[in-house]
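> One structure coming up, written as structure tokens, with questions to follow.
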Amino acid sequence: KISKHMETRAVPKYTKLLINNEWVDSADGRTMDVINPTTEEKICTVSRAGDADAEKAIKAARECFDNPDSAWRKMSANQRGKLMFKFADLIEQHQDELADLESQDNGKPIWFSKGVDIALALKVYRYYAGWCDKITGRTVPIEGDHFCYTREEPVGVCG
């Protein structure tokens, strides 16, 4: 059990929903308390997403994906990878705070949150960041005087 006498605990800075690059309240205004299962103390109150919020997020992602002039569509695969690496660097830079928040939220020891959860999150982001500019197609041998190839590319938004 974590002592109630710890000098400082990380406090969530953002408690709203991030939709279309903006922090917003849930569409229906619902919130929920986040409780530390170890101490049973309230950590904070956050916006509670519902179906309308999910639809709004999916619509925003779809518009970004479909718009050939969007910043994401104009961004090269190399730039996308750099952006993901930067995000991983920010996780690493704030890993103590994130591990504390994760421990409060889940009741895990901080050493576990930092050494497992945060460490694995870093590995996942860096792994996929490295793949951003490695997606290529391939030629496929077929019968006859034909040229057959595959081109791998994103096909849409999932939610």
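We label chains A, B, ... in the order they appear in the structure tokens, count residues from 1 in each chain, and number ligands from 1 in the order shown.
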Could you please write out, as a PyMOL selection string, every residue of stretch 37-158 of chain A that DSSP assigns to helix (DSSP H, G or I)?
chain A and resi 51-66+71-74+77-93+95-106+110-131
> Report, in Å to a single decimal, how far apart atom CA of A:Ile135 and atom CA of A:Asn78 are.
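These atoms are spaced 10.8 Å apart.
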> Please provide as a VMD selection string all residues within 12 Å of A:Lys16, with the sequence filter that same-chain residues fewer than 5 positions apart are discarded (counting only C-alpha atoms).
chain A and resid 21 to 27 29 to 32 44 to 49 53
> Taking only C-alpha atoms into account, name the residue in A:Ile19, A:Ala54, A:Ala129, A:Ile110 that is nearest to A:Gly81.
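The shortest atom-to-atom distance to A:Gly81 comes from A:Ala129.
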> Within 9 Å of A:Ala57, counting only C-alpha atoms, which residues qualify if same-chain residues fewer than 2 places away don't, as a count of residues only?
12
> Find the residues around A:Lys108 up to 12 Å (only C-alpha atoms counted), leave out those fewer than 6 positions away in its own chain, and share them as JSON, numbers by chain.
{"A": [1, 2, 36, 37, 38, 39, 99, 100, 101, 102, 114, 115, 116, 117]}
> Give the strand (DSSP E) residues of stretch 121-157 of chain A, as DSSP finds them on the backbone, and put them as a ChimeraX atom specification.
/A:138-139,149-150
> Please report, as CSV, each residue of stretch 1-116 of chain A lying at most 12 Å from stretch 139-153 of chain A, together with the nearest pair of atoms and the separation in Å rounded to one decimal; use only C-alpha atoms, and order rows by chain and ascending residue number.

residue,atom,partner,partner_atom,distance
A:Phe65,CA,A:Glu153,CA,11.9
A:Arg73,CA,A:Glu153,CA,11.9
A:Ala77,CA,A:Glu153,CA,10.9
> For the selection you just gave me, I'd like the residues written to a file as a short mmCIF file (atom, residue, chain, number, x, y, z; two decimals), in the first residue's frame, keeping N, CA, C and O atoms.

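Output below, filename again15.cif:
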data_model
loop_
_atom_site.label_atom_id
_atom_site.label_comp_id
_atom_site.auth_asym_id
_atom_site.auth_seq_id
_atom_site.Cartn_x
_atom_site.Cartn_y
_atom_site.Cartn_z
N PHE A 65 -7.75 12.24 -42.93
CA PHE A 65 -7.24 11.18 -43.81
C PHE A 65 -7.62 11.43 -45.27
O PHE A 65 -6.81 11.25 -46.17
N ARG A 73 -1.64 14.32 -44.35
CA ARG A 73 -1.50 13.73 -45.68
C ARG A 73 -0.27 14.30 -46.41
O ARG A 73 0.37 13.60 -47.21
N ALA A 77 6.52 10.12 -44.97
CA ALA A 77 6.64 8.99 -44.06
C ALA A 77 7.78 9.22 -43.07
O ALA A 77 7.68 8.91 -41.88
#
> What gap, in Å, lies between atom CA of A:Gly130 and atom CA of A:Asp66?
24.1 Å
> Atom CA of A:Thr15 and atom CA of A:Gln95 are how many Å apart?
18.7 Å
